[in-house]
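run.csv follows (CSV, C-alpha atoms and all ligand atoms):
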```csv
chain,number,residue,atom,x,y,z
G,26,MET,CA,-18.7,9.9,-7.4
G,27,LEU,CA,-16.9,6.7,-6.3
G,28,THR,CA,-14.9,4.8,-8.8
G,29,GLN,CA,-14.3,1.3,-7.4
G,30,GLN,CA,-13.6,-2.2,-8.5
G,31,THR,CA,-15.6,-5.4,-7.9
G,32,TYR,CA,-15.0,-9.1,-8.5
G,33,ILE,CA,-17.6,-10.8,-10.6
G,34,MET,CA,-17.7,-14.5,-11.3
G,35,LEU,CA,-19.9,-16.1,-13.9
G,36,LYS,CA,-20.5,-19.6,-12.4
G,37,PRO,CA,-20.5,-23.0,-14.1
G,38,ASP,CA,-24.2,-22.9,-15.1
G,39,ALA,CA,-23.7,-19.6,-17.0
G,40,LEU,CA,-21.0,-21.2,-19.1
G,41,LYS,CA,-22.9,-24.5,-19.6
G,42,ARG,CA,-26.0,-22.6,-20.6
G,43,GLN,CA,-24.0,-20.3,-23.0
G,44,LEU,CA,-25.1,-17.1,-21.2
G,45,LEU,CA,-21.7,-15.6,-21.0
G,46,GLY,CA,-22.2,-13.3,-23.9
G,47,GLU,CA,-25.6,-12.2,-22.7
G,48,ILE,CA,-24.4,-11.4,-19.3
G,49,ILE,CA,-21.3,-9.6,-20.4
G,50,THR,CA,-23.4,-7.6,-22.9
G,51,ARG,CA,-25.5,-6.3,-20.0
G,52,ILE,CA,-22.4,-5.3,-18.1
G,53,GLU,CA,-20.9,-3.5,-21.1
G,54,LYS,CA,-24.2,-1.7,-21.9
G,55,LYS,CA,-24.5,-0.6,-18.3
G,56,GLY,CA,-21.1,1.1,-18.8
G,57,TYR,CA,-18.8,-0.9,-16.5
G,58,GLN,CA,-15.2,-1.6,-17.7
G,59,ILE,CA,-13.8,-5.1,-17.7
G,60,VAL,CA,-10.2,-4.5,-16.5
G,61,GLN,CA,-9.2,-8.2,-16.0
G,62,ALA,CA,-10.9,-11.5,-17.0
G,63,LYS,CA,-10.0,-15.2,-17.1
G,64,LEU,CA,-11.5,-18.6,-17.4
G,65,MET,CA,-10.7,-20.8,-14.4
G,66,GLN,CA,-11.4,-24.3,-13.1
G,67,LEU,CA,-11.7,-23.9,-9.3
G,68,ASP,CA,-10.6,-26.5,-6.8
G,69,ALA,CA,-12.1,-27.4,-3.5
G,70,PRO,CA,-9.7,-25.3,-1.3
G,71,ILE,CA,-10.3,-22.1,-3.2
G,72,ILE,CA,-14.1,-22.7,-3.1
G,73,ALA,CA,-13.9,-23.3,0.6
G,74,GLU,CA,-11.9,-20.0,1.0
G,75,HIS,CA,-14.3,-18.1,-1.2
G,76,TYR,CA,-17.4,-19.4,0.6
G,77,ALA,CA,-15.9,-19.7,4.1
G,78,HIS,CA,-19.0,-18.0,5.5
G,79,LEU,CA,-21.1,-21.0,4.2
G,80,THR,CA,-19.0,-24.1,4.8
G,81,ASP,CA,-21.0,-25.2,7.8
G,82,GLN,CA,-24.4,-24.8,6.0
G,83,PRO,CA,-26.3,-28.0,5.1
G,84,PHE,CA,-26.3,-27.0,1.4
G,85,TYR,CA,-22.5,-26.5,1.2
G,86,PRO,CA,-21.7,-29.9,-0.3
G,87,LYS,CA,-24.1,-29.1,-3.1
G,88,LEU,CA,-22.6,-25.7,-3.6
G,89,GLU,CA,-19.1,-27.2,-3.7
G,90,ARG,CA,-20.2,-29.8,-6.4
G,91,TYR,CA,-21.8,-27.0,-8.4
G,92,MET,CA,-18.7,-24.8,-8.3
G,93,LEU,CA,-16.5,-27.8,-9.2
G,94,SER,CA,-18.8,-28.8,-12.1
G,95,GLY,CA,-17.0,-26.8,-14.8
G,96,PRO,CA,-15.1,-23.6,-15.4
G,97,VAL,CA,-16.0,-20.2,-14.1
G,98,PHE,CA,-15.3,-16.8,-15.8
G,99,GLY,CA,-13.8,-14.3,-13.3
G,100,MET,CA,-13.7,-10.6,-14.0
G,101,VAL,CA,-12.6,-7.4,-12.3
G,102,LEU,CA,-15.0,-4.6,-13.2
G,103,GLU,CA,-14.5,-0.9,-12.7
G,104,GLY,CA,-17.0,1.8,-12.5
G,105,GLU,CA,-18.9,4.3,-10.4
G,106,ASP,CA,-20.4,2.5,-7.3
G,107,VAL,CA,-19.9,-0.7,-9.3
G,108,ILE,CA,-20.2,-3.0,-6.2
G,109,ARG,CA,-23.8,-1.9,-5.4
G,110,GLY,CA,-24.6,-1.5,-9.1
G,111,MET,CA,-23.7,-5.0,-10.0
G,112,ARG,CA,-25.5,-6.5,-6.9
G,113,ASN,CA,-28.6,-4.6,-8.2
G,114,MET,CA,-28.1,-6.0,-11.7
G,115,MET,CA,-27.6,-9.5,-10.4
G,116,GLY,CA,-30.7,-9.6,-8.1
G,117,PRO,CA,-30.9,-11.2,-4.7
G,118,THR,CA,-29.4,-14.6,-3.8
G,119,ASN,CA,-32.9,-16.0,-3.5
G,120,VAL,CA,-34.0,-16.2,-7.2
G,121,PHE,CA,-37.6,-16.3,-6.2
G,122,GLU,CA,-37.2,-12.8,-4.9
G,123,ALA,CA,-35.2,-11.6,-8.0
G,124,ALA,CA,-37.2,-9.2,-10.1
G,125,PRO,CA,-37.5,-9.5,-13.9
G,126,GLY,CA,-34.8,-7.4,-15.4
G,127,THR,CA,-32.2,-8.7,-13.1
G,128,ILE,CA,-29.8,-11.4,-14.3
G,129,ARG,CA,-31.0,-13.9,-11.7
G,130,GLY,CA,-34.6,-12.8,-12.2
G,131,ASP,CA,-34.5,-13.3,-15.9
G,132,TYR,CA,-32.4,-16.4,-16.2
G,133,ALA,CA,-32.3,-18.4,-12.9
G,134,THR,CA,-34.9,-20.6,-11.3
G,135,ASP,CA,-32.9,-22.3,-8.5
G,136,VAL,CA,-31.4,-20.9,-5.3
G,137,THR,CA,-28.1,-22.8,-5.9
G,138,TYR,CA,-27.7,-22.4,-9.7
G,139,ASN,CA,-28.0,-18.7,-9.8
G,140,LEU,CA,-25.4,-17.9,-12.5
G,141,ILE,CA,-23.3,-15.1,-11.0
G,142,HIS,CA,-21.3,-14.0,-8.0
G,143,GLY,CA,-20.5,-10.4,-7.1
G,144,SER,CA,-18.6,-8.9,-4.2
G,145,ASP,CA,-20.9,-7.3,-1.6
G,146,THR,CA,-18.6,-4.8,0.1
G,147,PRO,CA,-15.3,-2.9,-0.8
G,148,GLU,CA,-13.5,-5.2,1.7
G,149,THR,CA,-14.7,-8.4,0.1
G,150,ALA,CA,-14.0,-7.0,-3.4
G,151,GLU,CA,-10.4,-6.3,-2.4
G,152,ALA,CA,-10.0,-9.8,-0.9
G,153,GLU,CA,-11.7,-11.6,-3.8
G,154,ILE,CA,-9.7,-9.7,-6.5
G,155,LYS,CA,-6.5,-10.7,-4.6
G,156,ARG,CA,-7.8,-14.3,-4.3
G,157,PHE,CA,-8.5,-14.8,-8.0
G,158,PHE,CA,-6.2,-12.4,-9.7
G,159,GLY,CA,-3.2,-12.2,-7.3
F,201,LIG,P1,-24.5,-14.3,-3.0
F,201,LIG,O1,-24.0,-15.3,-4.0
F,201,LIG,O2,-25.8,-13.7,-3.5
F,201,LIG,O3,-23.5,-13.4,-2.5
F,201,LIG,P2,-24.2,-16.1,-0.6
F,201,LIG,O4,-25.1,-16.0,0.6
F,201,LIG,O5,-22.8,-15.6,-0.5
F,201,LIG,O6,-25.0,-15.2,-1.7
F,201,LIG,O7,-24.3,-17.5,-1.2
F,201,LIG,C1,-23.3,-18.0,-2.1
F,201,LIG,C2,-24.0,-19.0,-3.0
F,201,LIG,O8,-24.4,-20.2,-2.3
F,201,LIG,C3,-25.3,-18.5,-3.7
F,201,LIG,O9,-25.0,-17.7,-4.8
F,201,LIG,C4,-25.9,-19.8,-4.1
F,201,LIG,O10,-25.3,-20.4,-5.2
F,201,LIG,C5,-25.6,-20.7,-2.9
F,201,LIG,N1,-26.7,-20.6,-1.8
F,201,LIG,C6,-26.9,-19.6,-1.0
F,201,LIG,N2,-27.9,-19.8,-0.1
F,201,LIG,C7,-28.4,-21.0,-0.5
F,201,LIG,C8,-29.4,-21.9,0.0
F,201,LIG,O11,-30.2,-21.5,0.9
F,201,LIG,N3,-29.6,-23.1,-0.6
F,201,LIG,C9,-28.8,-23.5,-1.6
F,201,LIG,N4,-27.8,-22.7,-2.1
F,201,LIG,C10,-27.6,-21.5,-1.6
```
Would you write the structure of this file as structure tokens?
Amino acid sequence: MLTQQTYIMLKPDALKRQLLGEIITRIEKKGYQIVQAKLMQLDAPIIAEHYAHLTDQPFYPKLERYMLSGPVFGMVLEGEDVIRGMRNMMGPTNVFEAAPGTIRGDYATDVTYNLIHGSDTPETAEAEIKRFFG
């Protein structure tokens, strides 16, 4: 048993489409605890830091516009194997591969506008929690 924390961010399309409650309900029903949460308007430097592995990609300007387009809802979740569990609940980055039953599979139809971010390793979880919650 491995109790760990992860950083989850509901992206601007989740808020615009009023899917916040729906997604949080899934997280709560799964049994993960929300230990911190806040609404934030990100700026370009923090987006570039968060997506440093993507800044040289051709789609980065679109990703930056998307992440600047409205507030995001950041959360720290705690639970057994929560990093892997949340990645499974989210579905893969490519929505066309995301199975029904996953958040992206059920609600997203576009590779960029895919509703949710979740840390992918314990190291990135630690860095992302520090980045957004200090
Ligand atoms: P993740 O969000 O599933 O961890 P990353 O590769 O870190 O995946 O990508 C970050 C975000 O960048 C994605 O969630 C998506 O919004 C956007 N993105 C990733 N790959 C593409 C792409 O090929 N085209 C357009 N947007 C992309």
Item to check | Å distance separating atom CA of Gln30 of chain G from atom CA of Glu105 of chain G, one decimal place | outcome: 8.6 Å
Next on the checklist: Can you work out which residues are within 9 Å of ligand LIG 201 (chain F), considering all atoms listed in the file, and then hand them over as a ChimeraX atom specification?
Outcome noted: /G:36,75-76,78-79,82-85,87-89,91-92,112,115-119,135-145
Checklist entry - Between atom CA of Leu67 of chain G and atom CA of Gly95 of chain G, what is the distance, to one decimal in Å? => result 8.2 Å
Next on the checklist: Report, in Å to a single decimal, how far apart atom CA of Met100 of chain G and atom CA of Lys63 of chain G are.
Outcome noted: 6.7 Å
Next on the checklist: Between G:Glu53, G:Asp81, G:Asp68, G:Glu153, which residue has the minimum interatomic distance to Val101 of chain G, considering only C-alpha atoms?
Outcome noted: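 For Val101 of chain G, the nearest of the given residues is G:Glu153.
Checking G:Arg156, G:Ile128, G:Leu27, G:Pro37 one by one against Ile52 of chain G, counting only C-alpha atoms, you find the shortest gap at G:Ile128.
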Item to check | Among the residues G:Leu40, G:Ala73, G:Leu35, G:Val120, the one that comes closest to Ala133 of chain G [using all atoms listed in the file] | outcome: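 The answer is G:Val120, which sits nearest to Ala133 of chain G.
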Next on the checklist: From the options G:Pro86, G:Pro147, G:Gly104, G:Gly56, which residue's atoms come nearest to Met26 of chain G, counting only C-alpha atoms?
Outcome noted: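 Among the listed residues, G:Gly104 lies closest to Met26 of chain G.
Protein and nucleic acid residues near (-10.0, -2.2, -13.5) are Gln30, Gln58, Ile59, Val60, Gln61, Val101, Leu102 and Glu103 of chain G, the criterion being any atom at most 7 Å away using only C-alpha atoms.
Counting all atoms listed in the file, the residue from G:Thr31, G:Glu122, G:Ile48, G:Leu93 that sits nearest to Gln66 of chain G is G:Leu93.
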Checklist entry - Using only C-alpha atoms, which residue out of G:Ala39, G:Pro96, G:Ala77, G:Ile33 lies closest to Arg129 of chain G? => result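 Ranked by minimum distance to Arg129 of chain G, first place goes to G:Ala39.
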Missing atoms in segment 115-143 of chain G: fill them in up to N, CA and C atoms and send the result as a PDB file, keeping the file's coordinate frame.
```
ATOM      1  N   MET G 115     -27.574  -8.066 -10.583  1.00  0.00           N
ATOM      2  CA  MET G 115     -27.600  -9.500 -10.400  1.00  0.00           C
ATOM      3  C   MET G 115     -28.988  -9.951  -9.811  1.00  0.00           C
ATOM      4  N   GLY G 116     -29.523  -9.153  -8.894  1.00  0.00           N
ATOM      5  CA  GLY G 116     -30.700  -9.600  -8.100  1.00  0.00           C
ATOM      6  C   GLY G 116     -30.280 -10.335  -6.903  1.00  0.00           C
ATOM      7  N   PRO G 117     -31.209 -10.520  -5.950  1.00  0.00           N
ATOM      8  CA  PRO G 117     -30.900 -11.200  -4.700  1.00  0.00           C
ATOM      9  C   PRO G 117     -30.505 -12.633  -4.824  1.00  0.00           C
ATOM     10  N   THR G 118     -29.849 -13.169  -3.783  1.00  0.00           N
ATOM     11  CA  THR G 118     -29.400 -14.600  -3.800  1.00  0.00           C
ATOM     12  C   THR G 118     -30.605 -15.504  -4.034  1.00  0.00           C
ATOM     13  N   ASN G 119     -31.717 -15.223  -3.368  1.00  0.00           N
ATOM     14  CA  ASN G 119     -32.900 -16.000  -3.500  1.00  0.00           C
ATOM     15  C   ASN G 119     -33.599 -15.668  -4.866  1.00  0.00           C
ATOM     16  N   VAL G 120     -33.465 -16.546  -5.868  1.00  0.00           N
ATOM     17  CA  VAL G 120     -34.000 -16.200  -7.200  1.00  0.00           C
ATOM     18  C   VAL G 120     -35.498 -15.952  -7.204  1.00  0.00           C
ATOM     19  N   PHE G 121     -36.183 -16.507  -6.221  1.00  0.00           N
ATOM     20  CA  PHE G 121     -37.600 -16.300  -6.200  1.00  0.00           C
ATOM     21  C   PHE G 121     -37.997 -14.887  -5.800  1.00  0.00           C
ATOM     22  N   GLU G 122     -37.000 -14.174  -5.259  1.00  0.00           N
ATOM     23  CA  GLU G 122     -37.200 -12.800  -4.900  1.00  0.00           C
ATOM     24  C   GLU G 122     -36.577 -11.838  -5.983  1.00  0.00           C
ATOM     25  N   ALA G 123     -35.909 -12.441  -6.975  1.00  0.00           N
ATOM     26  CA  ALA G 123     -35.200 -11.600  -8.000  1.00  0.00           C
ATOM     27  C   ALA G 123     -36.177 -11.122  -9.033  1.00  0.00           C
ATOM     28  N   ALA G 124     -36.242  -9.800  -9.173  1.00  0.00           N
ATOM     29  CA  ALA G 124     -37.200  -9.200 -10.100  1.00  0.00           C
ATOM     30  C   ALA G 124     -36.831  -9.415 -11.539  1.00  0.00           C
ATOM     31  N   PRO G 125     -37.840  -9.483 -12.426  1.00  0.00           N
ATOM     32  CA  PRO G 125     -37.500  -9.500 -13.900  1.00  0.00           C
ATOM     33  C   PRO G 125     -36.689  -8.268 -14.192  1.00  0.00           C
ATOM     34  N   GLY G 126     -35.757  -8.450 -15.108  1.00  0.00           N
ATOM     35  CA  GLY G 126     -34.800  -7.400 -15.400  1.00  0.00           C
ATOM     36  C   GLY G 126     -33.487  -7.551 -14.767  1.00  0.00           C
ATOM     37  N   THR G 127     -33.460  -8.325 -13.674  1.00  0.00           N
ATOM     38  CA  THR G 127     -32.200  -8.700 -13.100  1.00  0.00           C
ATOM     39  C   THR G 127     -31.662  -9.951 -13.741  1.00  0.00           C
ATOM     40  N   ILE G 128     -30.363 -10.182 -13.641  1.00  0.00           N
ATOM     41  CA  ILE G 128     -29.800 -11.400 -14.300  1.00  0.00           C
ATOM     42  C   ILE G 128     -30.378 -12.635 -13.680  1.00  0.00           C
ATOM     43  N   ARG G 129     -30.404 -12.717 -12.353  1.00  0.00           N
ATOM     44  CA  ARG G 129     -31.000 -13.900 -11.700  1.00  0.00           C
ATOM     45  C   ARG G 129     -32.494 -13.970 -11.972  1.00  0.00           C
ATOM     46  N   GLY G 130     -33.148 -12.828 -11.933  1.00  0.00           N
ATOM     47  CA  GLY G 130     -34.600 -12.800 -12.200  1.00  0.00           C
ATOM     48  C   GLY G 130     -34.969 -13.233 -13.562  1.00  0.00           C
ATOM     49  N   ASP G 131     -34.138 -12.924 -14.523  1.00  0.00           N
ATOM     50  CA  ASP G 131     -34.500 -13.300 -15.900  1.00  0.00           C
ATOM     51  C   ASP G 131     -34.039 -14.680 -16.298  1.00  0.00           C
ATOM     52  N   TYR G 132     -32.941 -15.186 -15.692  1.00  0.00           N
ATOM     53  CA  TYR G 132     -32.400 -16.400 -16.200  1.00  0.00           C
ATOM     54  C   TYR G 132     -32.245 -17.579 -15.215  1.00  0.00           C
ATOM     55  N   ALA G 133     -32.476 -17.348 -13.924  1.00  0.00           N
ATOM     56  CA  ALA G 133     -32.300 -18.400 -12.900  1.00  0.00           C
ATOM     57  C   ALA G 133     -33.559 -18.832 -12.279  1.00  0.00           C
ATOM     58  N   THR G 134     -33.654 -20.133 -11.984  1.00  0.00           N
ATOM     59  CA  THR G 134     -34.900 -20.600 -11.300  1.00  0.00           C
ATOM     60  C   THR G 134     -34.561 -21.441 -10.091  1.00  0.00           C
ATOM     61  N   ASP G 135     -33.322 -21.400  -9.640  1.00  0.00           N
ATOM     62  CA  ASP G 135     -32.900 -22.300  -8.500  1.00  0.00           C
ATOM     63  C   ASP G 135     -31.974 -21.470  -7.606  1.00  0.00           C
ATOM     64  N   VAL G 136     -32.137 -21.678  -6.297  1.00  0.00           N
ATOM     65  CA  VAL G 136     -31.400 -20.900  -5.300  1.00  0.00           C
ATOM     66  C   VAL G 136     -29.866 -21.197  -5.419  1.00  0.00           C
ATOM     67  N   THR G 137     -29.501 -22.433  -5.742  1.00  0.00           N
ATOM     68  CA  THR G 137     -28.100 -22.800  -5.900  1.00  0.00           C
ATOM     69  C   THR G 137     -27.536 -22.292  -7.220  1.00  0.00           C
ATOM     70  N   TYR G 138     -28.222 -22.683  -8.292  1.00  0.00           N
ATOM     71  CA  TYR G 138     -27.700 -22.400  -9.700  1.00  0.00           C
ATOM     72  C   TYR G 138     -28.182 -21.041 -10.113  1.00  0.00           C
ATOM     73  N   ASN G 139     -27.492 -20.033  -9.590  1.00  0.00           N
ATOM     74  CA  ASN G 139     -28.000 -18.700  -9.800  1.00  0.00           C
ATOM     75  C   ASN G 139     -26.990 -17.817 -10.640  1.00  0.00           C
ATOM     76  N   LEU G 140     -26.140 -18.487 -11.412  1.00  0.00           N
ATOM     77  CA  LEU G 140     -25.400 -17.900 -12.500  1.00  0.00           C
ATOM     78  C   LEU G 140     -24.180 -16.998 -12.200  1.00  0.00           C
ATOM     79  N   ILE G 141     -24.292 -16.192 -11.156  1.00  0.00           N
ATOM     80  CA  ILE G 141     -23.300 -15.100 -11.000  1.00  0.00           C
ATOM     81  C   ILE G 141     -22.992 -14.820  -9.565  1.00  0.00           C
ATOM     82  N   HIS G 142     -21.741 -14.481  -9.322  1.00  0.00           N
ATOM     83  CA  HIS G 142     -21.300 -14.000  -8.000  1.00  0.00           C
ATOM     84  C   HIS G 142     -20.816 -12.579  -8.148  1.00  0.00           C
ATOM     85  N   GLY G 143     -21.087 -11.746  -7.163  1.00  0.00           N
ATOM     86  CA  GLY G 143     -20.500 -10.400  -7.100  1.00  0.00           C
ATOM     87  C   GLY G 143     -20.172  -9.997  -5.712  1.00  0.00           C
TER      88      GLY G 143
END
```
